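Report on one structure; see the data block that follows.
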Amino acid sequence: MGFYRGKEFVFAARVQAGFVPATGRDVFAKIKSLRISKRPFVNLPETAPGRWGQGLTAEKMKSCIWVKPAVVVRIDFAEWIGADKLRHTKFFAIRDDKDPRKVVKET
């Protein structure tokens, strides 16, 4: 998951919580046609896995499937931490009312 900083798409967090089976199917149906071969994020790979293992290192990226940043989702999170990362993320819903290019970091 990420946000735009100017023209750059910045990785902010992996989101794993909040996906019950029906929600996972809905999200997959929405993004399956958006698959791309190259990562869309300018700040990956990360050099270390991080304190809680949430860092997206080159090794972890080998198992990633990338999609165009064309779907906006609402997530809940605890806070922004250093290096523009989110802590304790949880998927809430897909949003059809917002242009993906207008998703920026909340302040």
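The way I read the labels, and the way they are meant: chains A, B, ... in the order of the structure tokens, residue 1 as the first residue of every chain, and ligand 1 as the first ligand shown, with later ones counted on from there.
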
* Using only C-alpha atoms, which residues sit within 12 Å of Ser37 of chain A once same-chain residues fewer than 4 positions away are excluded, as a list of chain:residue names? ->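 Result of the neighbour search: A:Met61, A:Lys62, A:Cys64, A:Ile65, A:Trp66, A:Val67, A:Lys68.
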
* List every residue of chain A that DSSP, applied to the backbone, labels as strand (DSSP E or B), and write the result as a PyMOL selection string. => chain A and resi 2-5+8-11+17+35-36+46+57+66-67+72-76+79-81+85-87+90-95

* Asked: Near Ser63 of chain A, within 12 Å and counting only C-alpha atoms, which residues show up once chain neighbours fewer than 6 positions away are dropped, as a ChimeraX atom specification?
  -> /A:39,56-57

Export N, CA and C atoms of the chosen residues as a PDB file, in the first residue's frame?
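Below you can see again13.pdb, which holds the result:
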```pdb
ATOM      1  N   ARG A  39       7.667  -3.462  -9.824  1.00  0.00           N
ATOM      2  CA  ARG A  39       7.138  -2.797  -8.630  1.00  0.00           C
ATOM      3  C   ARG A  39       6.835  -1.324  -8.913  1.00  0.00           C
ATOM      4  N   LEU A  56       9.893  -4.708   3.622  1.00  0.00           N
ATOM      5  CA  LEU A  56       9.800  -5.445   2.355  1.00  0.00           C
ATOM      6  C   LEU A  56      11.171  -5.454   1.695  1.00  0.00           C
ATOM      7  N   THR A  57      11.950  -6.457   2.052  1.00  0.00           N
ATOM      8  CA  THR A  57      13.312  -6.603   1.544  1.00  0.00           C
ATOM      9  C   THR A  57      13.299  -7.225   0.147  1.00  0.00           C
TER      10      THR A  57
END
```

Got a sec: who's within 7 Å of Val73 of chain A, counting only C-alpha atoms, leaving out chain neighbours fewer than 3 positions off, as a compact mmCIF listing (two decimals) with C-alpha atoms, in the first residue's frame?
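Once everything was written out, this is result_36.txt:
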```txt
# COMPACT_ATOMS: atom_id res chain seq x y z
CA ALA A 93 -12.95 -1.09 2.52
CA ILE A 94 -12.41 -0.37 -1.16
CA ARG A 95 -13.17 3.23 -2.11
```

* Using only C-alpha atoms, which of A:Lys7, A:Phe91, A:Pro49, A:Ala12 sits nearest Lys105 of chain A? -> A:Ala12

* Check chain A with DSSP on the backbone and list each residue it calls helix (DSSP H, G or I), as a list of chain:residue names. =>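 So, restricting chain A to helix (DSSP H, G or I), we get A:Pro21, A:Ala22, A:Thr23, A:Gly24, A:Arg25, A:Asp26, A:Val27, A:Phe28, A:Ala29, A:Lys30, A:Ile31, A:Lys32, A:Ser33, A:Leu34, A:Ala58, A:Glu59, A:Lys60, A:Met61, A:Gly82, A:Ala83, A:Asp84, A:Pro100, A:Arg101, A:Lys102.
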
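Taking atom CA of Gly55 of chain A and atom CA of Asp99 of chain A as endpoints, the distance between them is 27.1 Å.
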
* Would you mind reading off the distance between atom CA of Glu79 of chain A and atom CA of Lys32 of chain A, one decimal, in Å? => 29.4 Å

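Each of A:Val10, A:Ala17, A:Val42, A:Leu34 was compared to Arg101 of chain A using only C-alpha atoms, and A:Val10 turns out to be the nearest.
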
* Asked: At what distance in Å, to one decimal, does atom CA of Arg74 of chain A lie from atom CA of Val15 of chain A?
  -> 10.8 Å
